[in-house]
Amino acid sequence: MNKASHQSVIEYPSEGEIIHLPLQDGTMYSRRKGICPTVQPFSSASVEDYVSIVGGKSIERLKEIATKANGLKILELNSAPVGGGVAEMLISSIPLLNRLGIDAEWKVIRGAKPFYEVTKGIHNLLQGKGGSFTSEMERVYFETLKDNVDINVIDYEPDIVVVHDPQPLGLSPGLHEKQTKQVKWLWRCHIDMDEDTLGANPDLQRFVNYLVGHYDGAIISAAHYIICCWPFPKFIIPPFIDPLSEKNRELSQGEIDAVLEKHGIDPEIPIISQIGRFDPWKGLMRTVEAYKIVKTSLKCQLVLAGGLAADDPEGDAILSELSSKVQEDADIHVLCLPPTSSLEINAIQRASQVVLQPSIKEGFGLTVTEALWKGKPVIASPVGGIPLQLRDGDYGYFYNDPRDAAERIVYLLTHPKAAGLMGQRGSDYVREHFLLPDRIADYLKAIMMIRETDLDDESIISFHSWHKLDKRK
């Protein structure tokens, strides 16, 4: 097992020197401050580089919307510089927005371990885990966010502030008082939550409703995450991957082989993999159980690769528990990778014959998107945002239980032509729905609507196809 620690400061090599991010004030990217990294994993692609991938019409649409938003000042706030889908999207979208003439900055908030234990607890409660939201949790939460307000986490006046997930959600009440001009606030919620779960915990509902009451709108990933009682317009915009990032670009066979050799993975033995944070919601032991059943009839190996996020205090315990349970099987590779390992993740996904994601809860599941983009059939749970991506029997299969998953894996490993066709259909679907240029165009359009249009508080504007999930194949 490779062991990497939580990293709240990331070192990036750049032209003979080392850049340490975030800065002391939380800055990850700011053209105004001269902090515009061009090193990986930050995107270095131009807008035109995407034409061959998404087509000229998509790029023209993006440029047209960006022209209308030219000079707009956007500040994105989240809680971790690396270690999850939010950071990965910002690493690509912030540089692209700046190339389009949008003055986009990115900051991360600061917090100590007690704060992140509270916010992970809030995250778990919102996703349906049992427990109570206590006054002590509320105290720790607001004290930390007050500290961020006091150190001027916003040290200029943007036109719009976009806050990601629950951790920094409470910044808006305190910062509203310090602003001298009209700033619009959007909350982008990426987690798997619903109205019934929120309503079943009155203390949590009161807390969240108070916080969102200071916002002008919300962006959510799917229609079934809409909380109707929230008093502002809701925009449905799915997450995305960047096809030109280090994590998703095409790789040579030599690059793939080098990564496999580095981690002792035999390229001649079929690879089953699961990628993602070491998190109790990810269903990692489900994958292990399915693999063990497959191994009774086929020679194969399992790769469980991911990292630890600074804002997720549960990661170390999950990693330790997982490692202890699989340590006797030499064909299981548990890789805890540092945050600059995008190429390694890319190589492992491309070397895999089957990718699993049997999550218990999943806001969207960008690891599913990544695997499909690389032409890999996926077996994943029909939870959260995964059914928006996966058609059962077309791009892979829905996970039911370990034995059923094992049967599907055996079929895919012994029918490579069928697996290849599934993967290609999945890649085409991702190209159509979940790539950076199209979704950033939607994002800018939603921002301009919030700024320039008097939308009704009950408005729901969807930039993705509506459907009933139980009607999907």
# chains A, B, ... in the order shown; residues from 1 in each chain; ligands from 1
$ residues_around --residues "stretch 450-457 of chain A" --least-positions-apart "3" --cutoff "7 Å" --atoms "only C-alpha atoms" --output "MDAnalysis selection string"
chainID A and resid 231:233 446:447
$ write_last_selection --atoms "N, CA and C atoms" --output "short mmCIF file (atom, residue, chain, number, x, y, z; two decimals), in the first residue's frame"
data_model
loop_
_atom_site.label_atom_id
_atom_site.label_comp_id
_atom_site.auth_asym_id
_atom_site.auth_seq_id
_atom_site.Cartn_x
_atom_site.Cartn_y
_atom_site.Cartn_z
N PRO A 231 -35.90 29.75 -1.07
CA PRO A 231 -36.54 30.94 -1.65
C PRO A 231 -35.73 31.63 -2.73
N PHE A 232 -35.35 30.88 -3.78
CA PHE A 232 -34.60 31.48 -4.87
C PHE A 232 -34.65 30.55 -6.08
N PRO A 233 -34.26 31.04 -7.24
CA PRO A 233 -34.23 30.19 -8.45
C PRO A 233 -33.23 29.05 -8.29
N ALA A 446 -26.36 30.76 -16.59
CA ALA A 446 -27.10 30.83 -15.32
C ALA A 446 -26.68 32.06 -14.53
N ILE A 447 -25.39 32.36 -14.49
CA ILE A 447 -24.89 33.53 -13.77
C ILE A 447 -25.46 34.81 -14.37
#
$ closest_atom_pairs --of "stretch 122-167 of chain A" --to "stretch 358-377 of chain A" --cutoff "10 Å" --atoms "only C-alpha atoms" --output "Markdown table"
| residue | atom | partner | partner_atom | distance |
| --- | --- | --- | --- | --- |
| A:Asn124 | CA | A:Lys361 | CA | 9.7 |
| A:Gln127 | CA | A:Lys361 | CA | 7.0 |
| A:Gly128 | CA | A:Lys361 | CA | 8.9 |
$ select_by_dssp --residues "stretch 49-242 of chain A" --states "strand (DSSP E)" --output "VMD selection string"
chain A and resid 73 to 78 103 to 108 160 to 164 184 to 189 217 to 220 234 to 236
$ residues_around --residues "A:Leu251" --least-positions-apart "4" --cutoff "9 Å" --atoms "only C-alpha atoms" --output "list in words"
Glu255, Ile256, Leu343, Asn346, Ala347 and Arg350 of chain A
$ residues_around --residues "A:Thr340" --least-positions-apart "6" --cutoff "9 Å" --atoms "only C-alpha atoms" --output "PyMOL selection string"
chain A and resi 10-12+40-41+82
$ select_by_dssp --residues "stretch 108-251 of chain A" --states "alpha helix (DSSP H)" --output "number ranges by chain"
A: 113-126, 135-150, 171-176, 195-199, 202-212
$ write_last_selection --atoms "C-alpha atoms" --output "mmCIF file, in the first residue's frame"
data_model
loop_
_atom_site.group_PDB
_atom_site.id
_atom_site.type_symbol
_atom_site.label_atom_id
_atom_site.label_comp_id
_atom_site.auth_asym_id
_atom_site.auth_seq_id
_atom_site.Cartn_x
_atom_site.Cartn_y
_atom_site.Cartn_z
ATOM 1 C CA LYS A 113 -9.743 19.526 12.351
ATOM 2 C CA PRO A 114 -12.815 20.138 14.598
ATOM 3 C CA PHE A 115 -14.382 22.255 11.841
ATOM 4 C CA TYR A 116 -13.918 19.549 9.216
ATOM 5 C CA GLU A 117 -15.259 16.912 11.598
ATOM 6 C CA VAL A 118 -18.385 19.070 11.951
ATOM 7 C CA THR A 119 -18.741 19.709 8.217
ATOM 8 C CA LYS A 120 -18.271 16.018 7.406
ATOM 9 C CA GLY A 121 -20.942 15.329 10.000
ATOM 10 C CA ILE A 122 -23.248 17.821 8.264
ATOM 11 C CA HIS A 123 -22.430 16.229 4.914
ATOM 12 C CA ASN A 124 -23.304 12.778 6.276
ATOM 13 C CA LEU A 125 -26.558 13.994 7.845
ATOM 14 C CA LEU A 126 -27.605 15.644 4.580
ATOM 15 C CA SER A 135 -25.690 23.260 19.120
ATOM 16 C CA GLU A 136 -21.981 22.455 19.620
ATOM 17 C CA MET A 137 -21.659 21.600 15.902
ATOM 18 C CA GLU A 138 -23.334 24.893 15.072
ATOM 19 C CA ARG A 139 -20.969 26.800 17.375
ATOM 20 C CA VAL A 140 -17.808 25.274 15.869
ATOM 21 C CA TYR A 141 -19.122 25.859 12.363
ATOM 22 C CA PHE A 142 -19.907 29.557 12.823
ATOM 23 C CA GLU A 143 -16.740 30.321 14.806
ATOM 24 C CA THR A 144 -14.555 28.986 11.990
ATOM 25 C CA LEU A 145 -16.447 30.854 9.294
ATOM 26 C CA LYS A 146 -16.311 34.060 11.358
ATOM 27 C CA ASP A 147 -12.534 33.654 11.405
ATOM 28 C CA ASN A 148 -12.573 33.414 7.610
ATOM 29 C CA VAL A 149 -14.696 36.552 7.388
ATOM 30 C CA ASP A 150 -12.343 38.387 9.764
ATOM 31 C CA LEU A 171 -19.900 32.710 4.802
ATOM 32 C CA SER A 172 -22.646 34.696 3.130
ATOM 33 C CA PRO A 173 -24.411 36.123 6.234
ATOM 34 C CA GLY A 174 -21.206 37.632 7.642
ATOM 35 C CA LEU A 175 -19.768 38.827 4.357
ATOM 36 C CA HIS A 176 -22.997 40.505 3.238
ATOM 37 C CA GLU A 195 -36.101 17.256 0.641
ATOM 38 C CA ASP A 196 -37.340 14.267 2.661
ATOM 39 C CA THR A 197 -33.950 13.715 4.318
ATOM 40 C CA LEU A 198 -33.643 17.373 5.183
ATOM 41 C CA GLY A 199 -37.173 17.513 6.552
ATOM 42 C CA PRO A 202 -35.681 19.661 11.954
ATOM 43 C CA ASP A 203 -32.551 21.117 13.605
ATOM 44 C CA LEU A 204 -30.479 20.537 10.480
ATOM 45 C CA GLN A 205 -33.264 21.896 8.294
ATOM 46 C CA ARG A 206 -33.483 25.083 10.355
ATOM 47 C CA PHE A 207 -29.718 25.536 10.137
ATOM 48 C CA VAL A 208 -29.491 24.984 6.362
ATOM 49 C CA ASN A 209 -32.578 27.052 5.585
ATOM 50 C CA TYR A 210 -31.127 29.972 7.546
ATOM 51 C CA LEU A 211 -27.888 29.799 5.568
ATOM 52 C CA VAL A 212 -29.424 29.472 2.106
#
